[in-house]
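For reference, the structure discussed in these notes is given below.
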Amino acid sequence: MTVEPMGVMPVIKDLVVDQTLFWDKVRQVSPWLQPEGEEPEAEYLAPNSDMTHLAGVMSCIMCGACVSDCTVLEMDENFIGPAALAKAYRFAADPRDAEDSSRLAELSEYGGIWDCTRCYECVEVCPKDVAPMDRIMALRDRAMEHGYDKTYGPRHTDAFEESVAHSGWLDELRLPIKTFGIFNFPALMSMAPVGLRAFLRGKLPPIFHRPVPGVKKVRQLVKSVKDQQQEE
Amino acid sequence: MKYAFFPGCVSRGGCPELYPAAVKVCHRLGFELDELQERGATCTGAGVLQEKNQFLGDVFNARTFAMAEQLDLPLMTICSTCQGVMSQANKRLKDDPDYLARVNGHLAPEGLEYKGTAQPRHLLWILIEDVGIEKLKTFVIQPLSNLRVAPFYGCYIIRPSDALEIKLHPEREDSLERVMEALGAEVVDFPGKTRCCGFPILTINEKNSVSMVAKHTSDAKDLGADAMVTPCPLCHLNLDGFQPKAMQQAQRDINIPIIHLPQLLGLAMGFDPKEMGLSRHIISAKRVLSKIGVPA
């Protein structure tokens with residue numbers, strides 16, 4: 001077994017690292033309740049049933065293990081990171097918080113929830129089962145529901161779902177085009193050299209994307225699931 | 001041995017060289033394959049669909065599992081991402097009978113029901129768990145001696161370890177190295193082997209994604225690897241396809257070939273490199289062939 005100082009953060013001495021980055025990220029997400037309306041005489045109350053799903057994320061002990069192993073923070077300090085995003089979820093999903101929409105708007109910006117690679121490092125190393133990545137995915141879902149769905153991240157998710165629900169499998173050729181937008185020439189042109197190299201090597205996905213056999217059954221299945229979800 | 005075979009989208013899409021290579025290698029190993037996507041099985045959702053609609057993803061995967069159950073065949077994948085997403089879905093379905101019943105409610109009109117017995121497994125694990133390392137060695141015609149290879153797993157075949165049942169099957173943790181050694185290759189161990197290739201954020205933050213490609217390919221190269229091998233076609237797409245951009249960004253030469261696991265098996269089994277689709281890579285694999293003494 002090797003004992004090493006934590007990653008991402010600069011080493012001060014031996015195993016001691018400077019955790020400024022960790023705390024700066026946590027502060028960045030305004031980690032406190034922001035309720036609205038008149039202040040109650042005692043506590044802001046919420047029914048137990050609305051709070052139990054937050055018990056997991058509230059067990060975070062701020063140890064920084066997830067930040068230490070985050071594959072994105074290793075490359076880019078601008079990423080808010082797993083610990084702070086889990087904390088952001090804790091407040092965005094709190095029924096007493098009135099700022100959930102503005103929180104989600106901020107978190108949808110560059111360096112926020114869509115920059116996570118979904119690599120599961122944070123889930124694996126967390127000693128308290130906070131599962132930061134799962135919270136980031138839940139924030140993505142909430143952000144899309146609140147209408148923050150115009151950046152490349154949500155556009156990619158929407159295009160992916162549309163492709164799989166329509167043909168049963170992924171149309172890899174059209175996915176980046178739909179993500180960037182067909183008239184987004186700068187983004188498409190930046191991908192052109194990669195596409196051209198792939199084409200010359202015979203490595204492009206099929207131009208004519210055929211649905212899986214019996215795709216009607218898949219479409220019926222999608223309808224059945226979505227109808228039920230709408231009812232709920 | 002017969003398997004319900006789930007090739008995934010990328011092995012027939014962005015990495016069209018992977019599907020035929022995997023099928024040829026499986027046939028050489030004596031596997032019979034019943035292809036589930038020919039029976040209408042869908043994409044796993046790749047973790048992307050799950051961001052928006054995890055339930056729909058679980059319904060899709062339960063449907064695939066039910067198809068394998070109906071055939072009474074073990075389920076084989078050839079993609080780390082398919083493997084991970086299926087394992088995670090399977091855990092949710094098996095852990096909660098009420099949830100499974102809800103999912104099955106949607107499968108019933110098609111005459112399908114998932115009973116919870118499927119065990120999706122990657123070809124990499126099947127090589128160790130069903131074929132066995134000693135038996136695998138008997139298929140080697142062209143040992144890969146002289147070839148220094150760095151393993152690159154792909155996140156979803158490593159994490160989350162509970163869904164992938166790594167504790168129950170500890171041999172899965174270093175399966176790639178053991179298979180490489182059985183083929184005669186020299187393993188170049190490097191710290192990036194279980195990190196992220198960056199593919200999931202390629203269209204969202206290309207700079208970070210390409211930084212990951214640059215870091216891992218440079219590290220492997222600097223440690224003296226002639227090639228990297230991966231059981232994940234999504235990792236291949238990024239590490240191979242975006243290596244030219246990575247070289248530009250990092251302002252250095254890298255040029256390390258990225259080999260799919262079935263291609264490495266195929267070379268050791270004496271298949272022609274063209275049959276393994278090695279000419280279809282963005283970073284030329286010629287260096288690998290000259291190292292093992294095979295004409296390109």
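The chains in the structure tokens are called A, B, ... from first to last as shown; in each chain the residues are counted from 1, and the ligands are counted from 1 in the order shown.
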**OP:** Compute the chain B side of the contact with chain A at 8 Å, counting only C-alpha atoms, and hand it back as a ChimeraX atom specification.
**Re:** /B:9-10,12-17,37-43,45,47-49,51-52,56,106-107,110,155-156,159-161,195-196,198-201,203-205,208,211-212,241-242,279-282
Could you save the residues just selected, with C-alpha atoms, as a tab-separated table (two decimals), in the first residue's frame?
chain	number	residue	atom	x	y	z
B	9	CYS	CA	-23.61	0.87	-30.69
B	10	VAL	CA	-20.00	2.04	-31.08
B	12	ARG	CA	-20.82	-0.95	-35.33
B	13	GLY	CA	-20.75	2.86	-35.45
B	14	GLY	CA	-17.70	4.99	-34.66
B	15	CYS	CA	-15.41	1.95	-34.29
B	16	PRO	CA	-16.61	-0.29	-37.14
B	17	GLU	CA	-13.32	-2.23	-36.95
B	37	GLN	CA	-29.25	-6.44	-31.36
B	38	GLU	CA	-30.41	-8.59	-34.31
B	39	ARG	CA	-33.32	-9.49	-32.06
B	40	GLY	CA	-34.10	-5.82	-31.47
B	41	ALA	CA	-32.18	-5.14	-28.25
B	42	THR	CA	-31.58	-1.41	-27.71
B	43	CYS	CA	-28.69	0.81	-26.65
B	45	GLY	CA	-28.27	4.42	-22.59
B	47	GLY	CA	-25.05	6.76	-18.86
B	48	VAL	CA	-26.28	9.69	-20.98
B	49	LEU	CA	-29.92	8.66	-21.21
B	51	GLU	CA	-28.94	11.64	-16.77
B	52	LYS	CA	-32.43	12.48	-17.94
B	56	LEU	CA	-36.33	4.40	-19.24
B	106	HIS	CA	-43.75	-2.18	-19.29
B	107	LEU	CA	-42.19	-5.33	-20.78
B	110	GLU	CA	-44.12	-7.68	-25.55
B	155	CYS	CA	-14.06	3.87	-16.11
B	156	TYR	CA	-17.20	1.77	-16.36
B	159	ARG	CA	-16.25	1.69	-11.14
B	160	PRO	CA	-18.59	1.57	-9.30
B	161	SER	CA	-16.97	-1.59	-7.98
B	195	ARG	CA	-8.66	7.11	-15.13
B	196	CYS	CA	-11.07	8.76	-17.55
B	198	GLY	CA	-12.40	12.27	-21.44
B	199	PHE	CA	-14.85	11.03	-24.09
B	200	PRO	CA	-18.08	11.84	-22.17
B	201	ILE	CA	-17.29	15.59	-22.16
B	203	THR	CA	-18.81	17.85	-27.06
B	204	ILE	CA	-19.17	19.81	-23.80
B	205	ASN	CA	-15.62	20.81	-22.86
B	208	ASN	CA	-10.51	19.23	-20.89
B	211	SER	CA	-6.16	17.27	-22.06
B	212	MET	CA	-7.06	13.85	-20.68
B	241	GLY	CA	-9.33	9.87	-32.88
B	242	PHE	CA	-8.40	12.91	-30.81
B	279	SER	CA	-5.61	-0.18	-40.95
B	280	ARG	CA	-8.68	1.80	-39.87
B	281	HIS	CA	-7.06	3.57	-36.93
B	282	ILE	CA	-6.27	7.27	-36.96
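When the distance limit is 7 Å and only C-alpha atoms are what count, the residues near segment 102-109 of chain A, minus those fewer than 6 positions from it on the same chain, are Ala92, Ala143 and Tyr148 of chain A.
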**OP:** Per DSSP on the backbone, filter segment 59-216 of chain B down to the residues in alpha helix (DSSP H) and report them as a ChimeraX atom specification.
**Re:** /B:59-71,80-95,97-107,123-126,133-137,175-182,206-216
**OP:** Pick out the residues sitting within 9 Å of Asp222 of chain B, and hand them over as an NGL selection string; count only C-alpha atoms, and ignore anything fewer than 4 positions along from it in its own chain.
**Re:** :B and (217-218 or 254)
Output for the residues just chosen: C-alpha atoms as a PDB file, in the first residue's frame:
ATOM      1  CA  THR B 217      -1.175   8.841 -24.083  1.00  0.00           C
ATOM      2  CA  SER B 218       1.946  10.882 -23.174  1.00  0.00           C
ATOM      3  CA  ILE B 254       2.861  11.256 -29.030  1.00  0.00           C
TER       4      ILE B 254
END
Subject >> Shell around Cys60 of chain A at 9 Å using only C-alpha atoms, local window under 3 positions removed, as a ChimeraX atom specification >> reply: /A:56-57,63,83,86-87,126-130
**OP:** Please provide as an MDAnalysis selection string all residues within 6 Å of Pro262 of chain B, with the sequence filter that same-chain residues fewer than 4 positions apart are discarded (counting only C-alpha atoms).
**Re:** chainID B and resid 21:22 266
Original post:
atom CA of Asp72 of chain B to atom CA of Ala46 of chain B: how many Å, to one decimal?
Top reply: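 Taking atom CA of Asp72 of chain B and atom CA of Ala46 of chain B, their separation equals 24.9 Å.
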Subject >> Distance criterion (only C-alpha atoms): nearest to Asp162 of chain B out of B:Cys235, B:Gln243, B:Gln88, B:Ala296 >> reply: B:Gln88
Original post:
Which value, in Å to one decimal, gives the distance between atom CA of Ala84 of chain A and atom CA of Ile158 of chain B?
Top reply: 24.4 Å
Original post:
Quick one: distance from atom CA of Phe5 of chain B to atom CA of Met76 of chain B in Å, one decimal?
Top reply: 5.0 Å
Subject >> Option closest in space to Pro257 of chain B, from B:Lys137, B:Lys115, B:Lys215, B:Arg148 [counting only C-alpha atoms] >> reply: B:Arg148
